[in-house]
Amino acid sequence: MADEELFTKEELESSIEEKIYLASQWQLIWWRFRRHKLAIASGIILIIIYTCAIFCEFLAPYDPNKYDIRYTYAPPQRIRIFRDGKLVRPYVLGYKIEFDPVTLRRIYTPDPNQVYPVYFFVKGDSYKLWGRWEKDVHLIGVKEGTMFLLGTDRMGRDMLSRILYGARISTSIGLIGVFLSFILGLIIGGFSGYYGGTFDNFTQRAIEFIRSIPTIPLWMALSAALPPHWPPVRVYFGITIILSLIGWTWLARVVRSRFLSLREEDFVMAARLAGASEFRIIMRHMVPSFMSYIIASLTLSIPGMILGETSLSFLGLGLRPPTISWGVLLQEAQNVRTVALSPWLLLPGVFIIITVLCFNFLGDGLRDAADPYAR
């Protein structure tokens, strides 16, 4: 019996070793990445955030630009499921509005006499899904009354709707900026490391010059160069290009150092002797050998792009209203007195922190998995 158990155990270990030996590089990376639980959880959260950004028109209860001066700085309404000790359909309570006789500030309190049931797939403000299809159905809402789950701003606009719309720009600008940085860094760094010489010296001096300039003043100077009469979409792409022109330098350094170490390797020499073109050697043999590391590094750089757009928009030098981004929404939080009385205006900052942390955890997991043979 013991011999059979030992034989079975040896067979199992042999099967596992054979599976690992026959696995591809990407399979090994995935197996190692699955062991990083925090990275997996972060990836799931990021998928949820980007899904909300893609379908923000459908998920938002209201038009983000719709305002109601009756509900300026209204606090968040809580969804309730119990009434008179019984489980009922989810509902929210309306506001009872009073005025402070000293400051003339509105004071909102829940009014138990105003009960507004919450429904799914409710008809409301019309919108164009992805700018193409005219729709008026929202995932959640009320048929009468108001439902401000995250409160309102100084103009009575729903913060939840504005945060969902802002997620589309704030999260996509990181992906687009990193993609452009990837193209520039890969091409410039690759040529610099593979050919060397005068081009390499010129490139490295240019990179050192760019990296020596303080980031925030450089962003401010380049953003100020954008014409103020540009439409929001053009400003959006302008900010993306600005962040990409600054962010490609670190990747170019990484690619250059890898090319310097790989260009004398045996498999590169064998490809040269076999008559492969230089373009095929670079794209087919050299780049794939450290692509996993580049992917991990790009993931870690996306938060920098998001924070860059947020910083510029917060300072009033990036995206401007009526464009909605998390940075634009945080402009409402510049007044300390307003924040003290309406802390829910800081919620866009909470979403920024969550997104940045998730990207950092995901990048750590990918970086560890990029070398599947390491212990």
# chains A, B, ... in the order shown; residues from 1 in each chain; ligands from 1
>>> select_by_dssp(residues="stretch 125-169 of chain A", states="strand (DSSP E or B)", output="short mmCIF file (atom, residue, chain, number, x, y, z; two decimals) with N, CA and C atoms, in the first residue's frame")
data_model
loop_
_atom_site.label_atom_id
_atom_site.label_comp_id
_atom_site.auth_asym_id
_atom_site.auth_seq_id
_atom_site.Cartn_x
_atom_site.Cartn_y
_atom_site.Cartn_z
N ASP A 125 -33.61 60.89 -17.72
CA ASP A 125 -33.01 61.83 -18.67
C ASP A 125 -32.48 61.09 -19.89
N SER A 126 -32.72 61.64 -21.06
CA SER A 126 -32.24 61.02 -22.29
C SER A 126 -30.73 61.21 -22.43
N TYR A 127 -30.09 60.30 -23.10
CA TYR A 127 -28.65 60.35 -23.33
C TYR A 127 -28.32 59.59 -24.61
N LYS A 128 -27.12 59.79 -25.09
CA LYS A 128 -26.63 59.05 -26.26
C LYS A 128 -25.56 58.08 -25.80
N LEU A 129 -25.87 56.79 -25.87
CA LEU A 129 -24.92 55.76 -25.46
C LEU A 129 -23.73 55.76 -26.41
N TRP A 133 -26.34 56.14 -29.85
CA TRP A 133 -27.72 55.68 -29.76
C TRP A 133 -28.47 56.47 -28.70
N GLU A 134 -29.60 57.00 -29.09
CA GLU A 134 -30.43 57.77 -28.17
C GLU A 134 -31.20 56.82 -27.25
N LYS A 135 -30.98 56.96 -25.94
CA LYS A 135 -31.64 56.12 -24.94
C LYS A 135 -32.15 56.99 -23.79
N ASP A 136 -33.04 56.42 -22.97
CA ASP A 136 -33.51 57.13 -21.79
C ASP A 136 -33.69 56.20 -20.59
N VAL A 137 -33.17 54.96 -20.69
CA VAL A 137 -33.30 53.98 -19.61
C VAL A 137 -32.03 53.98 -18.77
N HIS A 138 -32.19 54.07 -17.45
CA HIS A 138 -31.07 54.06 -16.52
C HIS A 138 -31.16 52.81 -15.64
N LEU A 139 -30.01 52.34 -15.19
CA LEU A 139 -29.98 51.10 -14.40
C LEU A 139 -30.80 51.23 -13.13
N ILE A 140 -30.68 52.35 -12.45
CA ILE A 140 -31.35 52.52 -11.17
C ILE A 140 -31.86 53.95 -11.07
N GLY A 141 -32.98 54.13 -10.36
CA GLY A 141 -33.53 55.46 -10.21
C GLY A 141 -34.86 55.43 -9.50
N VAL A 142 -35.46 56.59 -9.39
CA VAL A 142 -36.79 56.71 -8.78
C VAL A 142 -37.74 57.32 -9.81
N THR A 152 -24.99 66.19 -3.83
CA THR A 152 -24.94 67.10 -4.98
C THR A 152 -23.85 68.15 -4.76
N ASP A 158 -26.03 65.92 -9.58
CA ASP A 158 -25.83 64.63 -8.92
C ASP A 158 -24.36 64.22 -8.98
#
>>> residues_around(residues="A:Ile281", least_positions_apart="3", cutoff="10 Å", atoms="only C-alpha atoms", output="PyMOL selection string")
chain A and resi 263+267-272+275-278+284-287
>>> residues_around(residues="stretch 41-48 of chain A", least_positions_apart="5", cutoff="12 Å", atoms="only C-alpha atoms", output="VMD selection string")
chain A and resid 33 to 36 53 to 56 164 167 171 to 172 299 303 351 to 352 354 to 366
>>> write_last_selection(atoms="C-alpha atoms", output="mmCIF file, in the first residue's frame")
data_model
loop_
_atom_site.group_PDB
_atom_site.id
_atom_site.type_symbol
_atom_site.label_atom_id
_atom_site.label_comp_id
_atom_site.auth_asym_id
_atom_site.auth_seq_id
_atom_site.Cartn_x
_atom_site.Cartn_y
_atom_site.Cartn_z
ATOM 1 C CA PHE A 33 0.362 35.768 -11.182
ATOM 2 C CA ARG A 34 -2.616 33.749 -9.836
ATOM 3 C CA ARG A 35 -0.759 33.286 -6.558
ATOM 4 C CA HIS A 36 -0.729 37.062 -5.972
ATOM 5 C CA ALA A 53 -16.688 54.097 -17.240
ATOM 6 C CA ILE A 54 -17.695 52.396 -20.493
ATOM 7 C CA PHE A 55 -21.403 52.253 -19.588
ATOM 8 C CA CYS A 56 -21.525 55.478 -17.559
ATOM 9 C CA LEU A 164 -19.275 57.959 -13.333
ATOM 10 C CA ALA A 167 -14.268 58.008 -14.731
ATOM 11 C CA THR A 171 -9.171 56.348 -16.607
ATOM 12 C CA SER A 172 -8.914 56.350 -20.405
ATOM 13 C CA THR A 299 0.889 48.966 -15.637
ATOM 14 C CA PRO A 303 -1.317 55.818 -12.194
ATOM 15 C CA PHE A 351 -11.953 57.024 -6.471
ATOM 16 C CA ILE A 352 -8.582 58.314 -7.692
ATOM 17 C CA ILE A 354 -8.587 53.430 -5.176
ATOM 18 C CA THR A 355 -7.711 53.341 -8.889
ATOM 19 C CA VAL A 356 -4.072 54.286 -8.322
ATOM 20 C CA LEU A 357 -3.642 51.723 -5.536
ATOM 21 C CA CYS A 358 -5.233 48.986 -7.655
ATOM 22 C CA PHE A 359 -2.888 49.732 -10.549
ATOM 23 C CA ASN A 360 0.097 49.669 -8.191
ATOM 24 C CA PHE A 361 -0.923 46.316 -6.687
ATOM 25 C CA LEU A 362 -1.638 44.912 -10.151
ATOM 26 C CA GLY A 363 1.728 46.152 -11.382
ATOM 27 C CA ASP A 364 3.502 44.546 -8.414
ATOM 28 C CA GLY A 365 1.835 41.244 -9.213
ATOM 29 C CA LEU A 366 2.762 41.453 -12.886
#
>>> select_by_dssp(residues="stretch 19-126 of chain A", states="alpha helix (DSSP H)", output="PyMOL selection string")
chain A and resi 19-22+25-34+37-54+56-59
>>> write_last_selection(atoms="N, CA and C atoms", output="short mmCIF file (atom, residue, chain, number, x, y, z; two decimals), in the first residue's frame")
data_model
loop_
_atom_site.label_atom_id
_atom_site.label_comp_id
_atom_site.auth_asym_id
_atom_site.auth_seq_id
_atom_site.Cartn_x
_atom_site.Cartn_y
_atom_site.Cartn_z
N LYS A 19 4.47 19.24 -17.00
CA LYS A 19 3.57 20.33 -17.36
C LYS A 19 4.30 21.66 -17.34
N ILE A 20 5.13 21.89 -16.31
CA ILE A 20 5.90 23.12 -16.22
C ILE A 20 6.93 23.20 -17.34
N TYR A 21 7.56 22.06 -17.65
CA TYR A 21 8.58 22.05 -18.69
C TYR A 21 8.00 22.37 -20.06
N LEU A 22 6.77 21.89 -20.32
CA LEU A 22 6.15 22.10 -21.63
C LEU A 22 5.37 23.41 -21.72
N GLN A 25 5.97 30.61 -21.97
CA GLN A 25 6.35 31.70 -21.07
C GLN A 25 5.12 32.37 -20.47
N TRP A 26 4.10 32.60 -21.29
CA TRP A 26 2.90 33.28 -20.80
C TRP A 26 2.12 32.41 -19.84
N GLN A 27 2.12 31.08 -20.03
CA GLN A 27 1.46 30.20 -19.08
C GLN A 27 2.15 30.23 -17.72
N LEU A 28 3.46 30.26 -17.73
CA LEU A 28 4.20 30.34 -16.47
C LEU A 28 3.92 31.66 -15.75
N ILE A 29 3.83 32.74 -16.53
CA ILE A 29 3.53 34.05 -15.93
C ILE A 29 2.14 34.04 -15.30
N TRP A 30 1.17 33.46 -16.01
CA TRP A 30 -0.19 33.42 -15.48
C TRP A 30 -0.28 32.58 -14.22
N TRP A 31 0.39 31.43 -14.19
CA TRP A 31 0.36 30.57 -13.01
C TRP A 31 0.96 31.28 -11.80
N ARG A 32 2.03 32.01 -12.03
CA ARG A 32 2.65 32.73 -10.92
C ARG A 32 1.80 33.94 -10.50
N PHE A 33 1.18 34.59 -11.49
CA PHE A 33 0.36 35.77 -11.18
C PHE A 33 -0.86 35.37 -10.36
N ARG A 34 -1.44 34.19 -10.58
CA ARG A 34 -2.62 33.75 -9.84
C ARG A 34 -2.35 33.62 -8.35
N LYS A 37 -2.76 37.19 -4.62
CA LYS A 37 -4.19 37.43 -4.37
C LYS A 37 -4.54 38.91 -4.44
N LEU A 38 -3.66 39.77 -3.90
CA LEU A 38 -3.95 41.20 -3.90
C LEU A 38 -3.99 41.75 -5.32
N ALA A 39 -3.12 41.25 -6.19
CA ALA A 39 -3.12 41.69 -7.59
C ALA A 39 -4.39 41.22 -8.30
N ILE A 40 -4.83 40.00 -8.00
CA ILE A 40 -6.07 39.49 -8.60
C ILE A 40 -7.26 40.35 -8.18
N ALA A 41 -7.34 40.65 -6.87
CA ALA A 41 -8.44 41.49 -6.38
C ALA A 41 -8.39 42.88 -7.01
N SER A 42 -7.19 43.44 -7.15
CA SER A 42 -7.05 44.76 -7.77
C SER A 42 -7.49 44.72 -9.22
N GLY A 43 -7.14 43.65 -9.92
CA GLY A 43 -7.56 43.53 -11.31
C GLY A 43 -9.07 43.47 -11.44
N ILE A 44 -9.74 42.78 -10.52
CA ILE A 44 -11.20 42.70 -10.55
C ILE A 44 -11.81 44.08 -10.31
N ILE A 45 -11.26 44.82 -9.34
CA ILE A 45 -11.77 46.17 -9.06
C ILE A 45 -11.59 47.08 -10.26
N LEU A 46 -10.43 46.98 -10.93
CA LEU A 46 -10.19 47.80 -12.11
C LEU A 46 -11.14 47.45 -13.25
N ILE A 47 -11.45 46.17 -13.40
CA ILE A 47 -12.42 45.77 -14.41
C ILE A 47 -13.78 46.40 -14.12
N ILE A 48 -14.16 46.43 -12.84
CA ILE A 48 -15.44 47.05 -12.47
C ILE A 48 -15.41 48.55 -12.76
N ILE A 49 -14.30 49.21 -12.42
CA ILE A 49 -14.19 50.66 -12.66
C ILE A 49 -14.28 50.98 -14.15
N TYR A 50 -13.56 50.21 -14.96
CA TYR A 50 -13.57 50.49 -16.40
C TYR A 50 -14.91 50.10 -17.03
N THR A 51 -15.58 49.08 -16.49
CA THR A 51 -16.92 48.75 -16.98
C THR A 51 -17.89 49.89 -16.69
N CYS A 52 -17.79 50.45 -15.47
CA CYS A 52 -18.64 51.60 -15.13
C CYS A 52 -18.34 52.80 -16.03
N ALA A 53 -17.06 52.98 -16.37
CA ALA A 53 -16.69 54.10 -17.24
C ALA A 53 -17.24 53.90 -18.66
N ILE A 54 -17.22 52.67 -19.14
CA ILE A 54 -17.70 52.40 -20.49
C ILE A 54 -19.21 52.60 -20.60
N CYS A 56 -21.17 54.44 -18.53
CA CYS A 56 -21.53 55.48 -17.56
C CYS A 56 -22.88 56.11 -17.88
N GLU A 57 -23.25 56.24 -19.15
CA GLU A 57 -24.54 56.85 -19.48
C GLU A 57 -25.70 56.02 -18.93
N PHE A 58 -25.57 54.70 -19.03
CA PHE A 58 -26.63 53.81 -18.56
C PHE A 58 -26.64 53.70 -17.04
N LEU A 59 -25.48 53.73 -16.42
CA LEU A 59 -25.39 53.55 -14.97
C LEU A 59 -25.71 54.81 -14.20
#
>>> residues_around(residues="A:Ala333", least_positions_apart="5", cutoff="10 Å", atoms="only C-alpha atoms", output="PyMOL selection string")
chain A and resi 153+314+328+338-340+342-349
>>> atom_distance(atom1="atom CA of A:Ser301", atom2="atom CA of A:Glu264")
29.3 Å
>>> atom_distance(atom1="atom CA of A:Thr146", atom2="atom CA of A:Phe120")
14.8 Å
>>> closest_residue(among="A:Val115, A:Ile207, A:Met155, A:Leu104", to="A:Phe82", atoms="only C-alpha atoms")
A:Val115
>>> closest_residue(among="A:Glu309, A:Asp68, A:Glu144, A:Asp200", to="A:Leu93", atoms="only C-alpha atoms")
A:Glu144
>>> residues_around(residues="A:Leu175", least_positions_apart="3", cutoff="12 Å", atoms="only C-alpha atoms", output="mmCIF file with N, CA and C atoms, in the first residue's frame")
data_model
loop_
_atom_site.group_PDB
_atom_site.id
_atom_site.type_symbol
_atom_site.label_atom_id
_atom_site.label_comp_id
_atom_site.auth_asym_id
_atom_site.auth_seq_id
_atom_site.Cartn_x
_atom_site.Cartn_y
_atom_site.Cartn_z
ATOM 1 N N TYR A 50 -13.558 50.208 -14.960
ATOM 2 C CA TYR A 50 -13.572 50.492 -16.397
ATOM 3 C C TYR A 50 -14.912 50.102 -17.025
ATOM 4 N N ARG A 168 -14.717 57.960 -17.123
ATOM 5 C CA ARG A 168 -14.398 57.623 -18.521
ATOM 6 C C ARG A 168 -13.161 58.373 -18.989
ATOM 7 N N ILE A 169 -13.079 59.659 -18.703
ATOM 8 C CA ILE A 169 -11.944 60.455 -19.166
ATOM 9 C C ILE A 169 -10.714 60.201 -18.299
ATOM 10 N N SER A 170 -10.885 60.193 -16.988
ATOM 11 C CA SER A 170 -9.733 60.074 -16.095
ATOM 12 C C SER A 170 -9.041 58.725 -16.216
ATOM 13 N N THR A 171 -9.793 57.662 -16.467
ATOM 14 C CA THR A 171 -9.171 56.348 -16.607
ATOM 15 C C THR A 171 -8.662 56.082 -18.024
ATOM 16 N N SER A 172 -9.356 56.600 -19.028
ATOM 17 C CA SER A 172 -8.914 56.350 -20.405
ATOM 18 C C SER A 172 -7.684 57.164 -20.762
ATOM 19 N N VAL A 178 -0.241 56.012 -21.858
ATOM 20 C CA VAL A 178 0.755 54.945 -21.732
ATOM 21 C C VAL A 178 1.005 54.275 -23.078
ATOM 22 N N PHE A 179 -0.031 54.125 -23.895
ATOM 23 C CA PHE A 179 0.156 53.526 -25.218
ATOM 24 C C PHE A 179 1.087 54.380 -26.074
ATOM 25 N N LEU A 180 0.869 55.701 -26.066
ATOM 26 C CA LEU A 180 1.748 56.583 -26.835
ATOM 27 C C LEU A 180 3.163 56.567 -26.268
ATOM 28 N N SER A 181 3.287 56.551 -24.939
ATOM 29 C CA SER A 181 4.612 56.482 -24.323
ATOM 30 C C SER A 181 5.305 55.175 -24.682
ATOM 31 N N PHE A 182 4.524 54.095 -24.762
ATOM 32 C CA PHE A 182 5.087 52.795 -25.128
ATOM 33 C C PHE A 182 5.667 52.822 -26.539
ATOM 34 N N THR A 240 -3.370 64.436 -23.246
ATOM 35 C CA THR A 240 -2.831 63.081 -23.405
ATOM 36 C C THR A 240 -1.471 63.106 -24.082
ATOM 37 N N ILE A 241 -1.341 63.892 -25.137
ATOM 38 C CA ILE A 241 -0.064 63.982 -25.847
ATOM 39 C C ILE A 241 1.004 64.601 -24.955
ATOM 40 N N LEU A 243 1.234 64.464 -21.651
ATOM 41 C CA LEU A 243 1.669 63.462 -20.682
ATOM 42 C C LEU A 243 2.528 62.390 -21.342
ATOM 43 N N SER A 244 2.229 62.059 -22.595
ATOM 44 C CA SER A 244 3.011 61.039 -23.296
ATOM 45 C C SER A 244 4.396 61.548 -23.657
ATOM 46 N N LEU A 298 4.541 49.180 -17.649
ATOM 47 C CA LEU A 298 3.487 50.048 -18.172
ATOM 48 C C LEU A 298 2.307 50.112 -17.208
ATOM 49 N N THR A 299 1.983 48.981 -16.602
ATOM 50 C CA THR A 299 0.889 48.966 -15.637
ATOM 51 C C THR A 299 1.187 49.890 -14.469
ATOM 52 N N LEU A 300 2.439 49.914 -14.028
ATOM 53 C CA LEU A 300 2.814 50.784 -12.913
ATOM 54 C C LEU A 300 2.861 52.249 -13.310
ATOM 55 N N SER A 301 2.953 52.542 -14.605
ATOM 56 C CA SER A 301 3.045 53.934 -15.043
ATOM 57 C C SER A 301 1.683 54.573 -15.291
ATOM 58 N N ILE A 302 0.635 53.765 -15.437
ATOM 59 C CA ILE A 302 -0.698 54.315 -15.677
ATOM 60 C C ILE A 302 -1.148 55.236 -14.543
ATOM 61 N N PRO A 303 -0.930 54.883 -13.260
ATOM 62 C CA PRO A 303 -1.317 55.818 -12.194
ATOM 63 C C PRO A 303 -0.675 57.190 -12.329
ATOM 64 N N GLY A 304 0.579 57.244 -12.816
ATOM 65 C CA GLY A 304 1.224 58.534 -13.010
ATOM 66 C C GLY A 304 0.501 59.387 -14.026
ATOM 67 N N MET A 305 -0.004 58.746 -15.092
ATOM 68 C CA MET A 305 -0.771 59.474 -16.098
ATOM 69 C C MET A 305 -2.079 60.000 -15.515
ATOM 70 N N ILE A 306 -2.760 59.160 -14.743
ATOM 71 C CA ILE A 306 -4.028 59.575 -14.141
ATOM 72 C C ILE A 306 -3.803 60.734 -13.178
ATOM 73 N N PHE A 359 -3.896 49.853 -9.495
ATOM 74 C CA PHE A 359 -2.888 49.732 -10.549
ATOM 75 C C PHE A 359 -1.519 49.392 -9.959
#
>>> closest_atom_pairs(of="stretch 274-317 of chain A", to="stretch 216-223 of chain A", cutoff="12 Å", atoms="only C-alpha atoms", output="Markdown table")
| residue | atom | partner | partner_atom | distance |
| --- | --- | --- | --- | --- |
| A:Met305 | CA | A:Trp219 | CA | 11.5 |
| A:Leu307 | CA | A:Ile216 | CA | 11.1 |
| A:Gly308 | CA | A:Trp219 | CA | 8.2 |
| A:Glu309 | CA | A:Trp219 | CA | 9.5 |
| A:Thr310 | CA | A:Trp219 | CA | 11.6 |
| A:Ser311 | CA | A:Ile216 | CA | 8.4 |
| A:Leu312 | CA | A:Met220 | CA | 7.1 |
| A:Ser313 | CA | A:Ser223 | CA | 9.9 |
| A:Phe314 | CA | A:Met220 | CA | 11.5 |
| A:Leu315 | CA | A:Met220 | CA | 8.8 |
| A:Gly316 | CA | A:Met220 | CA | 9.6 |
| A:Leu317 | CA | A:Ser223 | CA | 5.9 |
>>> write_last_selection(atoms="C-alpha atoms", output="short mmCIF file (atom, residue, chain, number, x, y, z; two decimals), in the first residue's frame")
data_model
loop_
_atom_site.label_atom_id
_atom_site.label_comp_id
_atom_site.auth_asym_id
_atom_site.auth_seq_id
_atom_site.Cartn_x
_atom_site.Cartn_y
_atom_site.Cartn_z
CA MET A 305 -0.77 59.47 -16.10
CA LEU A 307 -2.47 61.70 -11.39
CA GLY A 308 -0.95 64.00 -14.02
CA GLU A 309 -4.32 64.73 -15.61
CA THR A 310 -5.90 65.15 -12.18
CA SER A 311 -3.22 67.60 -11.07
CA LEU A 312 -3.49 69.73 -14.21
CA SER A 313 -7.29 69.80 -14.12
CA PHE A 314 -7.31 70.56 -10.38
CA LEU A 315 -5.01 73.54 -11.01
CA GLY A 316 -7.26 74.72 -13.85
CA LEU A 317 -4.59 74.09 -16.51
#
>>> closest_residue(among="A:Ala74, A:Ser161, A:Leu150, A:Ile81", to="A:Tyr62", atoms="only C-alpha atoms")
A:Ser161
>>> atom_distance(atom1="atom CA of A:Arg253", atom2="atom CA of A:Glu265")
19.4 Å
